[in-house]
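Source file: query_9.tsv. Holds: TSV, C-alpha atoms.
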```
chain	number	residue	atom	x	y	z
I	21	MET	CA	-28.77	-0.84	41.46
I	22	GLY	CA	-28.47	2.75	40.30
I	23	SER	CA	-28.92	4.37	36.92
I	24	GLY	CA	-26.10	5.75	34.83
I	25	PRO	CA	-23.49	4.56	32.31
I	26	LEU	CA	-22.08	1.93	34.70
I	27	ASN	CA	-25.47	0.30	35.28
I	28	GLY	CA	-24.82	-3.47	35.39
I	29	VAL	CA	-21.19	-3.19	36.47
I	30	LYS	CA	-20.49	-5.05	39.72
I	31	VAL	CA	-17.83	-3.69	42.07
I	32	VAL	CA	-16.44	-5.25	45.25
I	33	GLU	CA	-14.89	-2.51	47.40
I	34	PHE	CA	-12.84	-3.36	50.46
I	35	ALA	CA	-13.64	-0.78	53.13
I	36	GLY	CA	-11.08	1.93	53.80
I	37	ILE	CA	-10.90	5.65	54.48
I	38	GLY	CA	-10.61	8.80	52.38
I	39	PRO	CA	-9.75	8.20	48.73
I	40	GLY	CA	-10.91	4.57	48.61
I	41	PRO	CA	-14.53	5.29	49.53
I	42	PHE	CA	-14.46	8.37	47.29
I	43	CYS	CA	-13.42	6.27	44.29
I	44	GLY	CA	-16.22	3.83	45.07
I	45	MET	CA	-18.65	6.73	45.35
I	46	LEU	CA	-17.75	7.88	41.85
I	47	LEU	CA	-18.51	4.42	40.48
I	48	ALA	CA	-21.76	4.14	42.45
I	49	ASP	CA	-22.82	7.62	41.34
I	50	MET	CA	-22.43	6.49	37.73
I	51	GLY	CA	-24.66	3.49	38.31
I	52	ALA	CA	-22.34	0.65	39.34
I	53	GLU	CA	-23.51	-1.81	41.98
I	54	VAL	CA	-20.87	-1.27	44.64
I	55	VAL	CA	-20.73	-3.84	47.45
I	56	ARG	CA	-18.47	-2.74	50.28
I	57	ILE	CA	-16.78	-5.44	52.35
I	58	ASP	CA	-16.78	-4.20	55.94
I	59	ARG	CA	-15.17	-5.75	58.98
I	60	LYS	CA	-17.70	-7.59	61.10
I	61	GLY	CA	-18.40	-5.52	64.22
I	62	ALA	CA	-17.18	-2.26	62.69
I	63	ARG	CA	-19.14	0.94	63.05
I	64	GLY	CA	-20.27	3.22	60.30
I	65	GLY	CA	-23.21	4.32	58.25
I	66	SER	CA	-23.59	7.94	59.29
I	67	LYS	CA	-25.48	10.13	56.84
I	68	TYR	CA	-22.45	12.43	56.92
I	69	GLU	CA	-20.28	9.76	55.25
I	70	ILE	CA	-20.96	11.22	51.82
I	71	SER	CA	-18.34	9.13	50.04
I	72	SER	CA	-20.19	5.95	51.08
I	73	ARG	CA	-23.46	6.94	49.45
I	74	GLY	CA	-25.15	4.63	46.98
I	75	LYS	CA	-23.35	1.48	48.16
I	76	GLN	CA	-24.34	-1.75	49.87
I	77	SER	CA	-22.49	-3.09	52.91
I	78	ILE	CA	-21.70	-6.70	53.73
I	79	ALA	CA	-19.93	-7.41	57.04
I	80	LEU	CA	-17.50	-10.34	57.17
I	81	ASP	CA	-14.91	-11.69	59.59
I	82	LEU	CA	-12.01	-12.14	57.20
I	83	LYS	CA	-10.11	-14.12	59.83
I	84	LYS	CA	-12.51	-16.96	59.08
I	85	PRO	CA	-11.76	-19.04	55.96
I	86	GLU	CA	-15.49	-19.17	55.24
I	87	ALA	CA	-15.57	-15.38	54.97
I	88	VAL	CA	-12.57	-15.35	52.63
I	89	GLU	CA	-14.29	-17.94	50.45
I	90	THR	CA	-17.41	-15.78	50.47
I	91	CYS	CA	-15.34	-12.87	49.17
I	92	LEU	CA	-13.93	-15.06	46.43
I	93	LYS	CA	-17.42	-16.17	45.37
I	94	LEU	CA	-18.49	-12.54	45.16
I	95	ILE	CA	-15.32	-11.71	43.24
I	96	GLU	CA	-16.13	-14.49	40.75
I	97	LYS	CA	-19.19	-12.45	39.72
I	98	ALA	CA	-17.62	-8.99	39.97
I	99	ASP	CA	-16.24	-6.83	37.18
I	100	ILE	CA	-14.01	-4.75	39.46
I	101	LEU	CA	-12.29	-5.27	42.81
I	102	GLN	CA	-11.07	-2.14	44.58
I	103	GLU	CA	-8.74	-2.07	47.60
I	104	GLY	CA	-6.50	0.46	49.31
I	105	PHE	CA	-4.44	-1.51	51.84
I	106	ARG	CA	-0.66	-1.47	52.15
I	107	PRO	CA	1.11	-3.81	49.74
I	108	GLY	CA	0.88	-7.42	50.89
I	109	VAL	CA	-2.24	-7.11	53.07
I	110	MET	CA	-4.64	-8.61	50.53
I	111	GLU	CA	-2.17	-11.40	49.82
I	112	ARG	CA	-2.01	-12.27	53.53
I	113	LEU	CA	-5.80	-12.39	53.62
I	114	GLY	CA	-5.76	-14.91	50.77
I	115	LEU	CA	-7.31	-12.35	48.41
I	116	GLY	CA	-4.32	-11.24	46.36
I	117	PRO	CA	-4.46	-10.67	42.61
I	118	ASP	CA	-3.17	-14.13	41.65
I	119	VAL	CA	-5.86	-15.88	43.67
I	120	CYS	CA	-8.66	-13.56	42.54
I	121	LEU	CA	-7.72	-13.56	38.85
I	122	LYS	CA	-7.56	-17.34	38.91
I	123	ARG	CA	-11.16	-17.38	40.14
I	124	ASN	CA	-12.22	-14.64	37.71
I	125	PRO	CA	-9.87	-14.13	34.74
I	126	ARG	CA	-11.86	-11.08	33.56
I	127	LEU	CA	-11.49	-9.24	36.88
I	128	VAL	CA	-10.10	-5.70	37.01
I	129	TYR	CA	-8.14	-5.63	40.28
I	130	GLY	CA	-7.67	-2.01	41.38
I	131	ARG	CA	-5.05	-1.20	44.03
I	132	MET	CA	-4.52	2.29	45.44
I	133	THR	CA	-1.69	3.26	47.77
I	134	GLY	CA	0.32	6.37	48.47
I	135	TRP	CA	3.72	5.14	47.33
I	136	GLY	CA	2.63	2.38	44.93
I	137	GLN	CA	3.01	-1.39	45.01
I	138	THR	CA	6.78	-1.22	44.39
I	139	GLY	CA	9.72	1.02	45.23
I	140	PRO	CA	11.81	1.61	48.37
I	141	LEU	CA	8.98	3.45	50.16
I	142	ALA	CA	6.21	1.04	49.20
I	143	LEU	CA	5.77	-0.44	52.69
I	144	ALA	CA	6.15	2.82	54.66
I	145	ALA	CA	3.23	4.64	56.24
I	146	GLY	CA	2.31	8.02	54.84
I	147	HIS	CA	-0.45	10.52	54.18
I	148	ASP	CA	-1.38	12.88	51.37
I	149	ILE	CA	1.02	15.58	52.55
I	150	ASN	CA	3.94	13.13	52.29
I	151	TYR	CA	2.98	11.77	48.90
I	152	ILE	CA	2.65	15.18	47.26
I	153	SER	CA	5.92	16.25	48.90
I	154	LEU	CA	7.71	13.76	46.65
I	155	THR	CA	6.18	15.10	43.44
I	156	GLY	CA	7.09	18.79	43.38
I	157	ALA	CA	3.45	19.76	43.95
I	158	LEU	CA	3.65	20.73	47.62
I	159	HIS	CA	6.92	22.64	47.12
I	160	ALA	CA	5.22	24.78	44.46
I	161	ILE	CA	2.32	25.95	46.65
I	162	GLY	CA	2.94	28.78	49.09
I	163	ARG	CA	3.23	32.52	49.61
I	164	PRO	CA	6.49	34.44	49.11
I	165	GLY	CA	8.93	33.82	51.94
I	166	GLU	CA	6.56	31.36	53.62
I	167	LYS	CA	6.47	27.58	53.99
I	168	PRO	CA	4.64	25.26	51.54
I	169	VAL	CA	0.89	25.10	52.14
I	170	PRO	CA	-1.00	21.77	52.05
I	171	PRO	CA	-3.84	22.08	49.48
I	172	LEU	CA	-6.16	20.03	51.71
I	173	ASN	CA	-5.84	16.41	50.58
I	174	LEU	CA	-7.19	17.15	47.13
I	175	VAL	CA	-3.98	16.65	45.14
I	176	GLY	CA	-2.75	13.32	46.52
I	177	ASP	CA	-5.67	11.38	47.98
I	178	PHE	CA	-8.50	12.44	45.75
I	179	GLY	CA	-6.92	13.84	42.58
I	180	GLY	CA	-3.78	11.74	42.27
I	181	GLY	CA	-5.25	8.66	43.94
I	182	ALA	CA	-9.00	8.14	43.68
I	183	LEU	CA	-9.52	9.75	40.28
I	184	TYR	CA	-6.59	7.94	38.69
I	185	LEU	CA	-7.75	4.64	40.19
I	186	ALA	CA	-11.27	5.18	38.82
I	187	MET	CA	-9.94	6.14	35.39
I	188	GLY	CA	-7.50	3.24	35.36
I	189	MET	CA	-10.06	0.64	36.42
I	190	LEU	CA	-12.59	1.81	33.86
I	191	ALA	CA	-9.93	1.79	31.13
I	192	ALA	CA	-8.97	-1.76	32.14
I	193	LEU	CA	-12.66	-2.73	32.13
I	194	VAL	CA	-13.04	-1.48	28.55
I	195	GLU	CA	-10.01	-3.56	27.55
I	196	ALA	CA	-11.25	-6.62	29.47
I	197	ASN	CA	-14.54	-6.45	27.61
I	198	ARG	CA	-12.54	-6.72	24.37
I	199	SER	CA	-9.92	-9.28	25.39
I	200	GLY	CA	-11.72	-11.27	28.07
I	201	LYS	CA	-8.69	-10.80	30.31
I	202	GLY	CA	-8.48	-8.79	33.51
I	203	GLN	CA	-5.42	-7.16	35.04
I	204	VAL	CA	-4.06	-5.31	38.07
I	205	VAL	CA	-4.28	-1.51	38.18
I	206	ASP	CA	-1.55	-0.03	40.41
I	207	ALA	CA	-2.64	3.52	41.32
I	208	ALA	CA	0.02	5.33	43.36
I	209	MET	CA	-0.76	8.79	44.65
I	210	THR	CA	2.83	9.80	43.96
I	211	ASP	CA	2.36	8.80	40.31
I	212	GLY	CA	-1.03	10.48	39.98
I	213	ALA	CA	-0.03	13.72	41.68
I	214	THR	CA	3.09	13.88	39.50
I	215	SER	CA	0.91	13.37	36.45
I	216	LEU	CA	-1.27	16.29	37.57
I	217	MET	CA	1.89	18.40	37.56
I	218	ALA	CA	2.58	17.74	33.86
I	219	MET	CA	2.12	21.33	32.74
I	220	PHE	CA	4.36	22.63	35.51
I	221	TYR	CA	7.08	20.11	34.70
I	222	GLY	CA	6.93	21.55	31.21
I	223	PHE	CA	7.19	25.08	32.57
I	224	SER	CA	10.19	24.07	34.66
I	225	ALA	CA	11.99	22.38	31.77
I	226	SER	CA	11.46	25.42	29.54
I	227	GLY	CA	12.74	27.85	32.15
I	228	MET	CA	9.31	29.40	32.68
I	229	TRP	CA	9.01	28.30	36.32
I	230	LYS	CA	10.81	29.85	39.28
I	231	GLU	CA	11.07	27.78	42.45
I	232	GLU	CA	10.54	30.76	44.77
I	233	HIS	CA	6.98	30.92	46.08
I	234	GLY	CA	4.67	33.53	44.65
I	235	THR	CA	6.85	34.56	41.71
I	236	ASN	CA	5.06	32.73	38.89
I	237	LEU	CA	2.03	33.35	36.72
I	238	LEU	CA	-0.22	30.76	38.38
I	239	ASP	CA	1.01	30.64	41.98
I	240	GLY	CA	-0.18	34.08	43.09
I	241	GLY	CA	2.85	35.95	41.82
I	242	ALA	CA	0.92	37.87	39.17
I	243	HIS	CA	-1.33	40.73	40.27
I	244	PHE	CA	-4.01	39.56	37.81
I	245	TYR	CA	-4.14	35.97	39.11
I	246	ASP	CA	-4.73	35.86	42.83
I	247	THR	CA	-7.25	36.25	45.64
I	248	TYR	CA	-7.95	39.62	47.25
I	249	GLU	CA	-9.58	40.75	50.47
I	250	THR	CA	-12.53	43.08	50.17
I	251	LYS	CA	-13.79	45.90	52.37
I	252	ASP	CA	-15.94	43.55	54.48
I	253	GLY	CA	-13.15	41.04	55.14
I	254	LYS	CA	-14.32	38.58	52.51
I	255	TRP	CA	-12.43	37.46	49.41
I	256	ILE	CA	-12.64	37.48	45.63
I	257	SER	CA	-10.57	35.76	42.93
I	258	ILE	CA	-9.19	37.24	39.73
I	259	GLY	CA	-7.75	35.29	36.78
I	260	SER	CA	-7.41	37.88	34.02
I	261	ILE	CA	-4.55	36.26	32.10
I	262	GLU	CA	-5.51	36.98	28.49
I	263	PRO	CA	-5.02	40.59	27.31
I	264	GLN	CA	-8.69	41.06	26.42
I	265	PHE	CA	-9.75	39.89	29.87
I	266	TYR	CA	-7.09	42.02	31.54
I	267	ALA	CA	-8.44	45.05	29.66
I	268	ILE	CA	-11.88	44.48	31.17
I	269	LEU	CA	-10.32	44.15	34.63
I	270	ARG	CA	-8.63	47.50	34.16
I	271	GLU	CA	-11.86	49.08	33.03
I	272	LYS	CA	-14.04	47.70	35.83
I	273	ALA	CA	-11.46	48.31	38.58
I	274	GLY	CA	-10.44	51.77	37.31
I	275	LEU	CA	-6.78	50.84	36.72
I	276	LYS	CA	-5.81	53.81	34.53
I	277	GLU	CA	-2.19	54.51	35.51
I	278	GLU	CA	0.59	53.77	33.05
I	279	ILE	CA	2.03	51.01	35.26
I	280	TRP	CA	-0.96	48.77	34.45
I	281	ASP	CA	0.17	48.71	30.80
I	282	HIS	CA	2.98	46.33	31.80
I	283	GLN	CA	0.84	43.28	32.53
I	284	MET	CA	3.49	40.62	31.92
I	285	ASP	CA	6.48	42.45	33.42
I	286	GLY	CA	7.19	40.22	36.41
I	287	ALA	CA	9.54	42.80	37.92
I	288	LYS	CA	6.57	45.15	38.35
I	289	TRP	CA	4.17	42.55	39.76
I	290	PRO	CA	4.97	43.19	43.46
I	291	GLU	CA	4.25	46.92	43.08
I	292	MET	CA	1.05	46.30	41.12
I	293	LYS	CA	0.01	43.67	43.66
I	294	LYS	CA	0.14	46.22	46.49
I	295	LYS	CA	-1.79	48.77	44.45
I	296	ILE	CA	-4.54	46.38	43.43
I	297	GLU	CA	-4.89	45.09	46.99
I	298	GLY	CA	-5.80	48.63	47.98
I	299	VAL	CA	-8.29	48.91	45.13
I	300	PHE	CA	-10.19	45.79	46.12
I	301	LYS	CA	-10.44	46.90	49.74
I	302	THR	CA	-12.51	49.92	48.70
I	303	LYS	CA	-15.67	47.83	48.12
I	304	THR	CA	-17.40	44.84	49.70
I	305	ARG	CA	-17.42	41.43	48.08
I	306	ASP	CA	-21.04	41.86	47.02
I	307	GLU	CA	-20.26	45.23	45.46
I	308	TRP	CA	-17.42	43.73	43.43
I	309	CYS	CA	-19.71	40.87	42.41
I	310	ALA	CA	-22.24	43.39	41.11
I	311	ILE	CA	-19.51	44.99	39.01
I	312	MET	CA	-17.53	41.97	37.82
I	313	GLU	CA	-19.44	38.70	38.13
I	314	GLY	CA	-20.58	37.31	34.81
I	315	THR	CA	-18.12	39.42	32.80
I	316	ASP	CA	-15.05	38.15	30.97
I	317	ILE	CA	-12.73	39.41	33.69
I	318	CYS	CA	-12.45	35.80	34.96
I	319	PHE	CA	-13.84	36.65	38.38
I	320	ALA	CA	-15.57	34.79	41.19
I	321	PRO	CA	-16.29	35.37	44.86
I	322	VAL	CA	-14.36	33.06	47.19
I	323	LEU	CA	-17.16	31.15	48.89
I	324	SER	CA	-17.09	28.98	51.99
I	325	ILE	CA	-18.58	25.50	51.89
I	326	LYS	CA	-21.71	26.82	53.58
I	327	GLU	CA	-22.00	29.71	51.13
I	328	ALA	CA	-21.41	27.66	47.98
I	329	LYS	CA	-24.77	25.89	48.04
I	330	ASP	CA	-26.64	29.21	47.84
I	331	HIS	CA	-24.80	30.69	44.86
I	332	PRO	CA	-27.21	31.18	41.92
I	333	HIS	CA	-25.00	29.30	39.45
I	334	ASN	CA	-24.66	26.28	41.75
I	335	LYS	CA	-28.38	26.36	42.45
I	336	ALA	CA	-29.26	26.55	38.75
I	337	ARG	CA	-27.10	23.49	37.97
I	338	GLU	CA	-28.01	21.70	41.22
I	339	THR	CA	-24.28	21.31	41.82
I	340	ILE	CA	-24.95	20.83	45.53
I	341	VAL	CA	-27.93	18.78	46.67
I	342	GLU	CA	-29.39	17.88	50.03
I	343	ILE	CA	-29.99	14.29	51.11
I	344	ASP	CA	-31.44	13.56	54.52
I	345	GLY	CA	-30.57	17.09	55.60
I	346	VAL	CA	-26.94	16.85	54.47
I	347	ALA	CA	-25.72	19.24	51.76
I	348	GLN	CA	-23.31	17.42	49.44
I	349	PRO	CA	-21.84	17.48	45.93
I	350	ASN	CA	-24.12	16.23	43.19
I	351	ILE	CA	-22.97	13.65	40.66
I	352	ALA	CA	-20.17	14.64	38.29
I	353	PRO	CA	-19.74	14.45	35.36
I	354	ARG	CA	-23.20	14.47	33.79
I	355	PHE	CA	-24.47	12.29	30.98
I	356	SER	CA	-27.08	13.22	28.37
I	357	ARG	CA	-28.63	9.78	27.89
I	358	THR	CA	-27.59	7.48	30.74
I	359	VAL	CA	-28.52	9.97	33.43
I	360	SER	CA	-26.96	9.23	36.82
I	361	LYS	CA	-28.57	9.69	40.20
I	362	ILE	CA	-27.46	9.36	43.81
I	363	ASP	CA	-28.74	5.97	44.92
I	364	GLY	CA	-29.28	6.65	48.60
I	365	PRO	CA	-27.15	7.58	51.63
I	366	ALA	CA	-24.32	5.61	53.23
I	367	PRO	CA	-25.33	2.10	54.35
I	368	GLN	CA	-25.09	0.87	57.91
I	369	VAL	CA	-22.24	-1.63	58.27
I	370	GLY	CA	-23.55	-5.07	57.38
I	371	ALA	CA	-27.07	-3.86	56.62
I	372	ASP	CA	-27.12	-5.52	53.21
I	373	THR	CA	-25.30	-8.76	54.00
I	374	LEU	CA	-28.20	-11.13	53.41
I	375	ASN	CA	-29.64	-9.26	50.45
I	376	VAL	CA	-26.27	-9.10	48.72
I	377	LEU	CA	-25.51	-12.78	49.29
I	378	LYS	CA	-28.92	-13.83	47.97
I	379	GLY	CA	-28.76	-11.39	45.09
I	380	TRP	CA	-25.32	-12.63	44.06
I	381	GLY	CA	-26.46	-16.27	44.03
I	382	PHE	CA	-25.74	-17.71	47.49
I	383	SER	CA	-28.14	-20.45	48.57
I	384	ASP	CA	-29.98	-20.48	51.89
I	385	GLY	CA	-27.80	-23.40	52.93
I	386	GLU	CA	-24.61	-21.50	52.19
I	387	ILE	CA	-25.86	-18.50	54.16
I	388	ASP	CA	-26.82	-20.71	57.12
I	389	GLY	CA	-23.33	-22.21	57.01
I	390	LEU	CA	-21.76	-18.75	57.18
I	391	LYS	CA	-23.94	-17.88	60.16
I	392	LYS	CA	-22.92	-21.05	61.98
I	393	ALA	CA	-19.24	-20.32	61.31
I	394	GLU	CA	-19.81	-16.77	62.58
I	395	ALA	CA	-18.26	-15.49	59.37
I	396	ILE	CA	-21.15	-13.02	58.89
```

What is this file in C-alpha cells?
Amino acid sequence: MGSGPLNGVKVVEFAGIGPGPFCGMLLADMGAEVVRIDRKGARGGSKYEISSRGKQSIALDLKKPEAVETCLKLIEKADILQEGFRPGVMERLGLGPDVCLKRNPRLVYGRMTGWGQTGPLALAAGHDINYISLTGALHAIGRPGEKPVPPLNLVGDFGGGALYLAMGMLAALVEANRSGKGQVVDAAMTDGATSLMAMFYGFSASGMWKEEHGTNLLDGGAHFYDTYETKDGKWISIGSIEPQFYAILREKAGLKEEIWDHQMDGAKWPEMKKKIEGVFKTKTRDEWCAIMEGTDICFAPVLSIKEAKDHPHNKARETIVEIDGVAQPNIAPRFSRTVSKIDGPAPQVGADTLNVLKGWGFSDGEIDGLKKAEAI
C-alpha cells in the first residue's frame, strides 16, 4: 500500500484501456490500494504501461460464478469500485450497482463512459474524438480555413472522463464517510468535456466568441497568443495577454512600429501575425529562450516529450521521473504532509492474485476452491 492522502482507501478497478487505467493511476499515486480485476489469460504488465503503475492485479474468469462471487467479496471490503464498460455490461456480469451496493451499502460505484449511462447514444460505440465533437470543444480547435484538429485524447478521455470520475468518486467518498451511504457516480466524457468548456460557453453567450477558426483571443487568432517557428525550425509559445506583459514582449522582440500599439484590435491581428512570424524566424529557439524565458512575457519553448524531461524547471521540480528506464510523469498534485510516491511499475496480469485474496481475508480453503473451479 502506498503513501499519500488516500492511504487506507481500497479500490477495485475493472481492467480497461485509456482513461480507466489513468483514473486508477491517479488514485494509486495518492496512496490508495488499487486492485485491478484482469481477465484470466490476458496479457499485460509492460513497464511502458505507465497508467497501470502502483496497482495490484488479480486475474479472474468472470464467466465462472465463483469468480463473480470473489469480486463481490472484494467489493464488500472496498471503498470504491471503478469500471468503464458500456452500459449494461456490469449488470450482465452480475456486478451491477444494485447487487454491489446491497453487499456494501457504503460503496462508491464509479462508472465512466463516453456518452454516459443514459441518453439516445448511450449504447453506441465511440472514441474521444466523437465525444468532444458533441460538446463544441473540437469545433473550436483549428487553424483559419482548416478542419478541426483533435487535441490528442486529452479533452475527452483524460480531462473530461478520468479526471471527472476521480473527482466525483472522491467527492462521493467524502459524503459516504459522513452518511454511511454509497452511490453511483456517472462520469460521461461528453458531460466532462462540456464542463471544461464553461468559460467558452460564457464567451459565446456574451458575443465574445466567433465560430471561425483562428479569430479569437485564445485560439491562435491573436498575434500575442500563439506558437511561432524559429530560425532553426523549432517552436516557441507566446501568451502576452495583459498590457504589462505585452509591453515586455514589444521591448524584447523590438516591436516599435505604431501598429503594435493596437494590441486588441482584432482587425489588425492578421497583419501583426505575419509581421511577428518574421521576427521570430530571425533567431533560434535557444536564442529566444535566452532573451525571453523567465520574464513576464508569458513565454516558453515548445518542447517535445523527449525534450521536456531535460528542461531545468522540470528537472528542479522532478516533474518527470524515470522508473525502470522509463521516463514518465511524476505524481500530481503534491501534498505537504501526506507525501505521495509512485508505488512501483505496472503489475503483470494476475501476479498478485494470491496475495490480494489472502490480504483481503480469503481463507486457504476458499482459495483452493477457486483454483479447483478454475476461476483464478

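Across I:Trp380, I:Phe355, I:Trp308, I:Trp135, the tightest approach to I:Glu249 is made by I:Trp308 when counting only C-alpha atoms.
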
TODO: Tell me, in Å to one decimal, how far atom CA of I:Ser71 is from atom CA of I:Ile396.
DONE: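 About the pair atom CA of I:Ser71 and atom CA of I:Ile396: they are 24.0 Å apart.
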
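Ranking I:Gly146, I:Gly234, I:Gly51, I:Gly389 by their shortest atom-to-atom distance to I:Gly28, with only C-alpha atoms included, puts I:Gly51 first.
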
Quick one: everything within 7 Å of I:Ser360, counting all atoms listed in the file, minus sequence neighbours fewer than 3 positions away in the same chain. Send it as a PDB file with C-alpha atoms, keeping the file's coordinate frame.
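New file around_35.pdb:
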```pdb
ATOM      1  CA  SER I  23     -28.920   4.370  36.920  1.00  0.00           C
ATOM      2  CA  GLY I  24     -26.100   5.750  34.830  1.00  0.00           C
ATOM      3  CA  ASP I  49     -22.820   7.620  41.340  1.00  0.00           C
ATOM      4  CA  MET I  50     -22.430   6.490  37.730  1.00  0.00           C
ATOM      5  CA  GLY I  51     -24.660   3.490  38.310  1.00  0.00           C
TER       6      GLY I  51
END
```

Taken to one decimal, the atom CA of I:Ala336-atom CA of I:Ser260 distance is 25.1 Å

Next on the checklist: Using only C-alpha atoms, which protein or nucleic acid residues come within 8 Å of I:Gly202? Drop anything in the same chain fewer than 6 positions from it, and give the result as a list in words.
Outcome noted: Leu121, Pro125, Arg126, Leu127, Val128, Tyr129, Ala192, Leu193 and Ala196 of chain I

What separates atom CA of I:Lys93 and atom CA of I:Pro367 is a distance of 21.8 Å

So that I can check the surroundings of stretch 203-219 of chain I, please list as an MDAnalysis selection string every protein, DNA and RNA residue that reaches within 8 Å of it, counting all atoms listed in the file and ignoring chain neighbours fewer than 4 positions away.
chainID I and resid 117 121 126:137 148 151:152 154:157 175:177 179:181 184:185 188:189 192 223

File output for stretch 168-210 of chain I (C-alpha atoms) as a PDB file, in the first residue's frame:
```
ATOM      1  CA  PRO I 168     -10.933  20.947 -36.619  1.00  0.00           C
ATOM      2  CA  VAL I 169      -7.819  19.441 -35.041  1.00  0.00           C
ATOM      3  CA  PRO I 170      -8.063  16.623 -32.451  1.00  0.00           C
ATOM      4  CA  PRO I 171      -6.220  17.757 -29.274  1.00  0.00           C
ATOM      5  CA  LEU I 172      -4.863  14.225 -28.734  1.00  0.00           C
ATOM      6  CA  ASN I 173      -7.315  12.470 -26.409  1.00  0.00           C
ATOM      7  CA  LEU I 174      -6.663  14.879 -23.570  1.00  0.00           C
ATOM      8  CA  VAL I 175     -10.027  16.672 -23.559  1.00  0.00           C
ATOM      9  CA  GLY I 176     -12.451  13.735 -23.651  1.00  0.00           C
ATOM     10  CA  ASP I 177     -10.746  10.622 -22.293  1.00  0.00           C
ATOM     11  CA  PHE I 178      -8.423  12.077 -19.713  1.00  0.00           C
ATOM     12  CA  GLY I 179      -9.751  15.554 -18.902  1.00  0.00           C
ATOM     13  CA  GLY I 180     -13.491  15.099 -19.326  1.00  0.00           C
ATOM     14  CA  GLY I 181     -13.509  11.427 -18.347  1.00  0.00           C
ATOM     15  CA  ALA I 182     -10.795  10.227 -15.970  1.00  0.00           C
ATOM     16  CA  LEU I 183     -10.348  13.441 -14.005  1.00  0.00           C
ATOM     17  CA  TYR I 184     -14.080  13.968 -13.536  1.00  0.00           C
ATOM     18  CA  LEU I 185     -14.510  10.335 -12.491  1.00  0.00           C
ATOM     19  CA  ALA I 186     -11.704  10.665  -9.931  1.00  0.00           C
ATOM     20  CA  MET I 187     -13.117  13.936  -8.599  1.00  0.00           C
ATOM     21  CA  GLY I 188     -16.638  12.538  -8.495  1.00  0.00           C
ATOM     22  CA  MET I 189     -15.674   9.319  -6.725  1.00  0.00           C
ATOM     23  CA  LEU I 190     -13.618  11.134  -4.117  1.00  0.00           C
ATOM     24  CA  ALA I 191     -16.460  13.609  -3.517  1.00  0.00           C
ATOM     25  CA  ALA I 192     -18.867  10.686  -3.094  1.00  0.00           C
ATOM     26  CA  LEU I 193     -16.384   9.016  -0.737  1.00  0.00           C
ATOM     27  CA  VAL I 194     -16.286  12.126   1.462  1.00  0.00           C
ATOM     28  CA  GLU I 195     -20.095  12.110   1.579  1.00  0.00           C
ATOM     29  CA  ALA I 196     -20.233   8.349   2.249  1.00  0.00           C
ATOM     30  CA  ASN I 197     -17.919   8.803   5.218  1.00  0.00           C
ATOM     31  CA  ARG I 198     -20.486  11.250   6.640  1.00  0.00           C
ATOM     32  CA  SER I 199     -23.714   9.463   5.734  1.00  0.00           C
ATOM     33  CA  GLY I 200     -22.652   5.826   5.661  1.00  0.00           C
ATOM     34  CA  LYS I 201     -24.312   5.515   2.263  1.00  0.00           C
ATOM     35  CA  GLY I 202     -22.641   4.921  -1.077  1.00  0.00           C
ATOM     36  CA  GLN I 203     -23.900   5.903  -4.518  1.00  0.00           C
ATOM     37  CA  VAL I 204     -23.283   5.616  -8.260  1.00  0.00           C
ATOM     38  CA  VAL I 205     -21.074   8.189  -9.989  1.00  0.00           C
ATOM     39  CA  ASP I 206     -21.966   8.519 -13.691  1.00  0.00           C
ATOM     40  CA  ALA I 207     -18.988  10.164 -15.420  1.00  0.00           C
ATOM     41  CA  ALA I 208     -19.698  10.836 -19.105  1.00  0.00           C
ATOM     42  CA  MET I 209     -16.921  12.254 -21.237  1.00  0.00           C
ATOM     43  CA  THR I 210     -19.476  14.388 -23.062  1.00  0.00           C
TER      44      THR I 210
END
```
